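> The structure is given below, and queries will be raised subsequently.
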Amino acid sequence: SVEALGNRANVKCAVGDFKGCIADTTRVVELTMKRGIREQEEKFNLAVVYYTQAEAYFHLKSYYDSLRDCDHTLELWPPFGEALCLRGATHNALGNFKTALKDLCAALRLKPKYAMAFRHRGICLCCLGDFASSTKDLERALNLDANDEAARKWLEKASAELRIEEEAAERAAESLLSSEQLEEKKEDKIREVKKKKRRKKNRKKKRKE
């Protein structure tokens, strides 16, 4: 049955048989389209099938196929937070970071405690150079899922980049302060020279008198 095929596809995806999963989801889609979608529940079920297929394509690094099936999922069921997160992760993989950020923010509006969305948004922000926000998201991902090794790895990278950025800002501030101090010393010297000239001029006047 369609339901049995869908369940088998989920199991195959979970154990890493992604090609087998896609074979089953493709058959589910064919059978569902032949029969027609009559109720909201069937619409949601088909959205889940497309999402499972998108996930399998993502793991196989067939990113454009994954995007296509994420789009099918969201056309059928727009408030599907996991699909928005997966589409964001797929855009990350393709280097479309600004597009990814929109999807990941939308996913977190729907699912505010979704660890995977925090992880992928943290990765996205790191790639965009916003290391402070990236570290916050990756820390949140680890607070929600302490076993997320990918989040831990990216947090180390983002934290290192943030330290470099902060040290550079400190050096720039010190350099600016040094420049200001040099300028002050220069002005002090000019004032001192002017004072000496005035004193010399006054002494000459007194001698003439």
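The way I read the labels, and the way they are meant: chains A, B, ... in the order of the structure tokens, residue 1 as the first residue of every chain, and ligand 1 as the first ligand shown, with later ones counted on from there.
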Can you tell me which residues surround A:Asp130 at a distance of at most 12 Å, considering only C-alpha atoms, apart from same-chain residues fewer than 3 positions away, and format the answer as an MDAnalysis selection string?
chainID A and resid 97 101 121:127 133:137 158:159 161:162 165
> Using only C-alpha atoms, determine which residues lie at most 12 Å from A:Lys102, disregarding the query and same-chain residues fewer than 5 positions distant; provide the list as JSON, numbers by chain.
{"A": [84, 85, 87, 88, 89, 91, 92, 96, 97, 107, 108, 109, 117, 120, 121, 124, 125]}
> Quick one: residues within 7 Å of stretch 7-10 of chain A, only C-alpha atoms counted, chain neighbours fewer than 6 positions away excluded, as number ranges by chain?
A: 21, 24-25, 52
> What is the atom CA of A:Leu5 to atom CA of A:Lys19 distance in Å?
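Distance reported for this atom pair: 13.9 Å.
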> What lies within 9 Å of A:Ala151 using only C-alpha atoms, ignoring chain neighbours under 2 positions off, as a PyMOL selection string?
chain A and resi 116+118-120+122-123+138-139+141-142+147-149+153-156
> Next, dump the selected residues to file, keeping only N, CA and C atoms, as a compact mmCIF listing (two decimals), in the first residue's frame.

```txt
# COMPACT_ATOMS: atom_id res chain seq x y z
N MET A 116 18.36 21.94 14.76
CA MET A 116 18.99 21.86 13.44
C MET A 116 18.92 23.19 12.68
N PHE A 118 18.88 26.15 14.13
CA PHE A 118 19.89 27.01 14.74
C PHE A 118 21.28 26.67 14.22
N ARG A 119 21.55 25.35 14.07
CA ARG A 119 22.86 24.95 13.56
C ARG A 119 23.09 25.49 12.13
N HIS A 120 22.10 25.26 11.25
CA HIS A 120 22.28 25.69 9.86
C HIS A 120 22.31 27.21 9.73
N GLY A 122 23.45 29.19 12.07
CA GLY A 122 24.78 29.54 12.58
C GLY A 122 25.86 29.37 11.52
N ILE A 123 25.76 28.28 10.76
CA ILE A 123 26.71 28.03 9.66
C ILE A 123 26.57 29.13 8.60
N LEU A 138 24.94 28.83 17.19
CA LEU A 138 25.56 27.51 17.36
C LEU A 138 25.56 27.08 18.83
N GLU A 139 25.72 28.04 19.72
CA GLU A 139 25.61 27.72 21.16
C GLU A 139 24.19 27.28 21.50
N ALA A 141 22.09 25.88 19.42
CA ALA A 141 21.93 24.53 18.84
C ALA A 141 22.47 23.47 19.79
N LEU A 142 23.62 23.74 20.41
CA LEU A 142 24.23 22.77 21.33
C LEU A 142 23.49 22.70 22.65
N ASN A 147 24.64 16.66 21.51
CA ASN A 147 25.37 15.67 20.69
C ASN A 147 25.60 16.13 19.25
N ASP A 148 25.26 17.38 18.96
CA ASP A 148 25.40 17.88 17.58
C ASP A 148 26.86 18.24 17.32
N GLU A 149 27.62 17.28 16.80
CA GLU A 149 29.06 17.48 16.58
C GLU A 149 29.33 18.49 15.46
N LYS A 153 31.69 21.77 15.87
CA LYS A 153 32.82 22.04 14.97
C LYS A 153 32.73 23.46 14.39
N TRP A 154 31.52 23.84 13.96
CA TRP A 154 31.33 25.17 13.40
C TRP A 154 31.44 26.25 14.48
N LEU A 155 31.05 25.92 15.71
CA LEU A 155 31.17 26.88 16.81
C LEU A 155 32.65 27.21 17.07
N GLU A 156 33.49 26.18 17.01
CA GLU A 156 34.94 26.40 17.19
C GLU A 156 35.46 27.35 16.11
```
> Choose the residue, out of A:Thr26, A:Thr90, A:Ser175, A:Thr73, that has the smallest atom-to-atom separation from A:Gly6; count only C-alpha atoms.
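Using only C-alpha atoms, A:Gly6 sits closest to A:Thr26.
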> Please provide the set of residues having any atom within 7 Å of stretch 41-50 of chain A, restricted to only C-alpha atoms, with same-chain residues fewer than 3 positions apart removed, written as a list in words.
Gly6, Thr25, Ile37, Arg38, Gln53, Ala54, Asp69, Cys70, His72, Thr73, Leu76 and Trp77 of chain A
> Let's have the selection written as a short mmCIF file (atom, residue, chain, number, x, y, z; two decimals), in the first residue's frame, with all heavy atoms.

```cif
data_model
loop_
_atom_site.label_atom_id
_atom_site.label_comp_id
_atom_site.auth_asym_id
_atom_site.auth_seq_id
_atom_site.Cartn_x
_atom_site.Cartn_y
_atom_site.Cartn_z
N GLY A 6 5.47 4.41 2.05
CA GLY A 6 5.92 5.65 2.71
C GLY A 6 6.70 5.35 3.98
O GLY A 6 7.76 5.94 4.23
N THR A 25 9.77 6.58 -2.48
CA THR A 25 9.02 7.84 -2.48
C THR A 25 8.51 8.17 -3.88
O THR A 25 7.40 8.68 -4.04
CB THR A 25 9.87 9.01 -1.95
OG1 THR A 25 11.11 9.08 -2.66
CG2 THR A 25 10.13 8.89 -0.46
N ILE A 37 -5.59 13.73 -4.85
CA ILE A 37 -5.57 14.18 -3.46
C ILE A 37 -6.95 14.72 -3.12
O ILE A 37 -7.40 15.72 -3.68
CB ILE A 37 -4.50 15.29 -3.25
CG1 ILE A 37 -3.11 14.76 -3.67
CG2 ILE A 37 -4.46 15.76 -1.81
CD1 ILE A 37 -2.06 15.82 -3.80
N ARG A 38 -7.62 14.05 -2.17
CA ARG A 38 -9.01 14.41 -1.88
C ARG A 38 -9.16 15.19 -0.57
O ARG A 38 -10.07 15.98 -0.42
CB ARG A 38 -9.88 13.14 -1.82
CG ARG A 38 -9.99 12.43 -3.17
CD ARG A 38 -10.88 11.20 -3.08
NE ARG A 38 -10.31 10.16 -2.22
CZ ARG A 38 -9.44 9.24 -2.66
NH1 ARG A 38 -9.05 9.25 -3.93
NH2 ARG A 38 -8.97 8.32 -1.85
N GLN A 53 11.94 12.58 0.49
CA GLN A 53 12.70 12.46 -0.77
C GLN A 53 13.75 13.57 -0.86
O GLN A 53 14.89 13.32 -1.26
CB GLN A 53 11.73 12.53 -1.95
CG GLN A 53 12.37 12.25 -3.30
CD GLN A 53 11.32 11.95 -4.36
OE1 GLN A 53 10.81 10.83 -4.43
NE2 GLN A 53 10.98 12.93 -5.18
N ALA A 54 13.37 14.80 -0.47
CA ALA A 54 14.31 15.93 -0.49
C ALA A 54 15.49 15.66 0.45
O ALA A 54 16.64 15.97 0.12
CB ALA A 54 13.59 17.21 -0.07
N ASP A 69 12.24 19.23 -4.45
CA ASP A 69 11.28 18.51 -3.59
C ASP A 69 10.91 19.30 -2.34
O ASP A 69 9.80 19.16 -1.83
CB ASP A 69 11.84 17.12 -3.25
CG ASP A 69 11.79 16.18 -4.45
OD1 ASP A 69 10.92 16.39 -5.32
OD2 ASP A 69 12.62 15.26 -4.53
N CYS A 70 11.83 20.14 -1.85
CA CYS A 70 11.47 21.05 -0.75
C CYS A 70 10.38 22.02 -1.23
O CYS A 70 9.44 22.31 -0.48
CB CYS A 70 12.70 21.85 -0.30
SG CYS A 70 13.82 20.93 0.76
N HIS A 72 8.17 21.44 -3.59
CA HIS A 72 6.92 20.66 -3.67
C HIS A 72 6.29 20.52 -2.28
O HIS A 72 5.08 20.69 -2.11
CB HIS A 72 7.18 19.27 -4.23
CG HIS A 72 7.45 19.24 -5.70
ND1 HIS A 72 6.80 20.05 -6.59
CD2 HIS A 72 8.31 18.48 -6.43
CE1 HIS A 72 7.24 19.80 -7.81
NE2 HIS A 72 8.16 18.85 -7.75
N THR A 73 7.13 20.24 -1.28
CA THR A 73 6.65 20.09 0.10
C THR A 73 5.95 21.35 0.57
O THR A 73 4.84 21.31 1.12
CB THR A 73 7.84 19.78 1.05
OG1 THR A 73 8.50 18.61 0.60
CG2 THR A 73 7.35 19.57 2.48
N LEU A 76 2.60 22.24 -1.01
CA LEU A 76 1.51 21.44 -0.45
C LEU A 76 1.20 21.84 1.00
O LEU A 76 0.03 21.83 1.42
CB LEU A 76 1.88 19.95 -0.49
CG LEU A 76 1.87 19.28 -1.86
CD1 LEU A 76 2.69 18.00 -1.83
CD2 LEU A 76 0.43 18.99 -2.30
N TRP A 77 2.26 22.20 1.75
CA TRP A 77 2.08 22.48 3.18
C TRP A 77 3.04 23.60 3.60
O TRP A 77 4.13 23.35 4.11
CB TRP A 77 2.35 21.21 3.99
CG TRP A 77 1.64 21.22 5.31
CD1 TRP A 77 2.16 21.56 6.52
CD2 TRP A 77 0.27 20.89 5.55
NE1 TRP A 77 1.20 21.46 7.51
CE2 TRP A 77 0.02 21.05 6.93
CE3 TRP A 77 -0.78 20.48 4.71
CZ2 TRP A 77 -1.21 20.81 7.51
CZ3 TRP A 77 -2.01 20.24 5.28
CH2 TRP A 77 -2.23 20.41 6.66
#
```
